[in-house]
Amino acid sequence: MSRNHQGRLLSLALRCYPPTWRARHGDEARELAVLLAQDGVPLRSMTWNYLKGAARAQLVQTRTTRRLRTGMAALVAATSLAAVSLLVSIPPAPAGAAGVVRADITRRAQAAAELTAVFKSHHFDIGVKQLPVPPSLVGSILATKITGHSTGSNGILGRITGTCAGGAGACTQGLLLPSHFSGQMLVLVGRAAKPGEKYAVPDIFSPGELLAGSSLLARTVEAALPVLESLHVDVLWKVYGNKTCTTVVPDGWYHLTGGFAISAGSICLEVTPSVPSTTGGQG
């Protein structure tokens, strides 16, 4: 069977779902099909699974005998058409392949609560932990960690990206998970830091952060000092090879190689006595 023919059958299967289901989940179902196809799942398997899912959706939505007969008649017709091509060649499909759960962050201040509510409503064993972060990462997903067994590629089908707080860069604002997810995972989410609280993700040159686009990377300490004085923050220094930041200002010919924010009012800049071979992403 040609791939185009299988694709048409998959589209036909999706049309068998009730209109309200298609309006709410249609785009997600198509996106899931693309992801599963990339993982090698045959289109004919997904088509059969979608047809079975459509049957369940029609039965749940149907409240009267007339609606039941109308919906099932359309479904039987579509199923019969698909069965002509699929009856012999369809292998067993993984359970729940027709379902995808979209966990979105729509309000940055309630990011952890929103994700937790979605995970609990689907009985997922996924915890959410908040970490203090710079302003641009507030309300974004920082990372995911597998804490036990997992399904597939850590159980994650995809990540939903959007602009970071303040409109700079690209941050993760949600996850796509299979409805049959059975792994154990921890999702780390950024929250606003309290006064004086240390940041968990502190890169000072990231988009939207204090020194983003400052052109200070690879510059000398002498050239950077006037810019740093205008920031009105406490500046510490970490010389290459040292493990700690100190208040001792390096010689003026040292070069900046990086840095991180310790808190909203304190930063630490990393320097080296030699000229860096690269200037990083913000030089």
# chains A, B, ... in the order shown; residues from 1 in each chain; ligands from 1
$ residues_around --residues "Glu209 of chain A" --least-positions-apart "5" --cutoff "9 Å" --atoms "only C-alpha atoms" --output "list in words"
Pro134, Pro135, Ser136, Ala168, Asp203, Ile204 and Ala261 of chain A
$ residues_around --residues "Leu10 of chain A" --least-positions-apart "4" --cutoff "9 Å" --atoms "only C-alpha atoms" --output "list of chain:residue names"
A:His5, A:Gln6, A:Leu14, A:Arg15, A:Ala33, A:Leu43, A:Arg44, A:Met46, A:Thr47, A:Trp48, A:Tyr50, A:Leu51
$ write_last_selection --atoms "N, CA and C atoms" --output "CSV table (one decimal), in the first residue's frame"
chain,number,residue,atom,x,y,z
A,5,HIS,N,-1.7,6.6,0.1
A,5,HIS,CA,-2.9,6.0,0.4
A,5,HIS,C,-3.1,5.8,1.9
A,6,GLN,N,-2.1,5.4,2.5
A,6,GLN,CA,-2.2,5.2,4.0
A,6,GLN,C,-2.4,6.6,4.7
A,14,LEU,N,-9.4,10.2,11.2
A,14,LEU,CA,-9.6,11.4,12.1
A,14,LEU,C,-10.9,12.1,11.9
A,15,ARG,N,-11.4,12.0,10.7
A,15,ARG,CA,-12.7,12.7,10.4
A,15,ARG,C,-13.9,11.9,11.0
A,33,ALA,N,0.8,11.8,15.2
A,33,ALA,CA,1.0,10.8,14.1
A,33,ALA,C,2.3,11.0,13.4
A,43,LEU,N,1.9,3.6,9.4
A,43,LEU,CA,0.7,4.4,9.3
A,43,LEU,C,-0.5,3.6,9.4
A,44,ARG,N,-0.5,2.4,8.9
A,44,ARG,CA,-1.6,1.5,8.9
A,44,ARG,C,-2.0,1.2,10.4
A,46,MET,N,-1.4,3.1,13.0
A,46,MET,CA,-2.0,4.3,13.6
A,46,MET,C,-3.4,4.5,13.1
A,47,THR,N,-3.7,4.2,11.8
A,47,THR,CA,-5.0,4.4,11.3
A,47,THR,C,-6.0,3.5,12.0
A,48,TRP,N,-5.6,2.3,12.2
A,48,TRP,CA,-6.5,1.3,12.9
A,48,TRP,C,-6.8,1.8,14.3
A,50,TYR,N,-6.6,4.9,15.4
A,50,TYR,CA,-7.5,6.1,15.4
A,50,TYR,C,-9.0,5.7,15.2
A,51,LEU,N,-9.2,4.7,14.3
A,51,LEU,CA,-10.5,4.2,14.1
A,51,LEU,C,-11.2,3.7,15.4
$ residues_around --residues "Val275 of chain A" --least-positions-apart "2" --cutoff "12 Å" --atoms "only C-alpha atoms" --output "compact mmCIF listing (two decimals) with C-alpha atoms, in the first residue's frame"
# COMPACT_ATOMS: atom_id res chain seq x y z
CA LEU A 217 32.76 38.39 26.18
CA ALA A 218 36.44 38.21 25.20
CA ARG A 219 36.93 41.83 26.25
CA THR A 220 39.56 42.74 28.83
CA VAL A 221 38.71 43.41 32.44
CA TYR A 240 40.29 30.29 35.30
CA TRP A 253 44.57 42.53 30.74
CA TYR A 254 42.61 39.39 31.77
CA HIS A 255 39.78 38.50 29.38
CA LEU A 256 36.13 37.67 30.13
CA THR A 257 35.10 34.16 29.12
CA VAL A 271 38.19 35.45 33.33
CA THR A 272 41.34 33.95 31.86
CA PRO A 273 44.84 35.40 31.40
CA SER A 277 39.63 31.23 21.15
CA THR A 278 35.86 31.83 20.87
CA THR A 279 33.59 34.62 22.02
$ select_by_dssp --residues "segment 119-257 of chain A" --states "alpha helix (DSSP H)" --output "ChimeraX atom specification"
/A:119-121,221-229
$ residues_around --residues "Leu236 of chain A" --least-positions-apart "2" --cutoff "6 Å" --atoms "only C-alpha atoms" --output "MDAnalysis selection string"
chainID A and resid 245:247 268
$ atom_distance --atom1 "atom CA of Ser266 of chain A" --atom2 "atom CA of Phe205 of chain A"
14.0 Å
$ atom_distance --atom1 "atom CA of Val189 of chain A" --atom2 "atom CA of Ile141 of chain A"
4.5 Å
$ closest_residue --among "A:Gln130, A:Ser274, A:Asn242, A:Ser140" --to "Gly166 of chain A" --atoms "only C-alpha atoms"
A:Ser140
$ atom_distance --atom1 "atom CA of Leu186 of chain A" --atom2 "atom CA of Gly148 of chain A"
9.6 Å
$ decode --residues "segment 116-163 of chain A" --atoms "C-alpha atoms" --output "short mmCIF file (atom, residue, chain, number, x, y, z; two decimals), in the first residue's frame"
data_model
loop_
_atom_site.label_atom_id
_atom_site.label_comp_id
_atom_site.auth_asym_id
_atom_site.auth_seq_id
_atom_site.Cartn_x
_atom_site.Cartn_y
_atom_site.Cartn_z
CA THR A 116 0.67 19.49 38.31
CA ALA A 117 -3.07 19.70 37.59
CA VAL A 118 -2.63 18.18 34.12
CA PHE A 119 -0.40 15.38 35.37
CA LYS A 120 -2.76 14.51 38.23
CA SER A 121 -5.84 14.54 36.00
CA HIS A 122 -4.22 11.86 33.82
CA HIS A 123 -2.79 9.91 36.79
CA PHE A 124 0.78 10.44 35.61
CA ASP A 125 3.60 9.76 38.04
CA ILE A 126 5.24 13.12 37.30
CA GLY A 127 6.41 15.51 39.98
CA VAL A 128 6.98 19.24 39.56
CA LYS A 129 9.75 21.13 41.35
CA GLN A 130 10.26 24.89 41.28
CA LEU A 131 13.72 26.49 41.20
CA PRO A 132 14.67 30.18 41.59
CA VAL A 133 15.79 31.58 38.24
CA PRO A 134 16.65 34.85 36.48
CA PRO A 135 13.63 36.87 35.23
CA SER A 136 13.73 35.54 31.66
CA LEU A 137 13.20 31.92 32.79
CA VAL A 138 10.31 32.48 35.21
CA GLY A 139 7.36 30.28 34.27
CA SER A 140 9.34 28.07 31.87
CA ILE A 141 10.33 24.40 31.98
CA LEU A 142 14.04 24.18 32.74
CA ALA A 143 14.59 20.43 32.42
CA THR A 144 13.01 17.01 32.86
CA LYS A 145 14.58 14.18 34.83
CA ILE A 146 13.66 10.51 34.73
CA THR A 147 13.30 9.31 38.32
CA GLY A 148 12.30 5.69 37.64
CA HIS A 149 11.32 3.56 34.68
CA SER A 150 10.38 5.34 31.47
CA THR A 151 8.44 4.72 28.28
CA GLY A 152 9.96 5.34 24.85
CA SER A 153 12.18 8.42 24.60
CA ASN A 154 11.81 9.28 28.26
CA GLY A 155 8.06 9.24 27.65
CA ILE A 156 8.18 12.71 26.04
CA LEU A 157 6.80 13.03 22.50
CA GLY A 158 7.75 16.66 22.07
CA ARG A 159 8.29 20.02 23.70
CA ILE A 160 6.23 23.16 23.20
CA THR A 161 8.43 26.23 22.83
CA GLY A 162 7.68 29.94 23.03
CA THR A 163 9.35 33.21 23.92
#
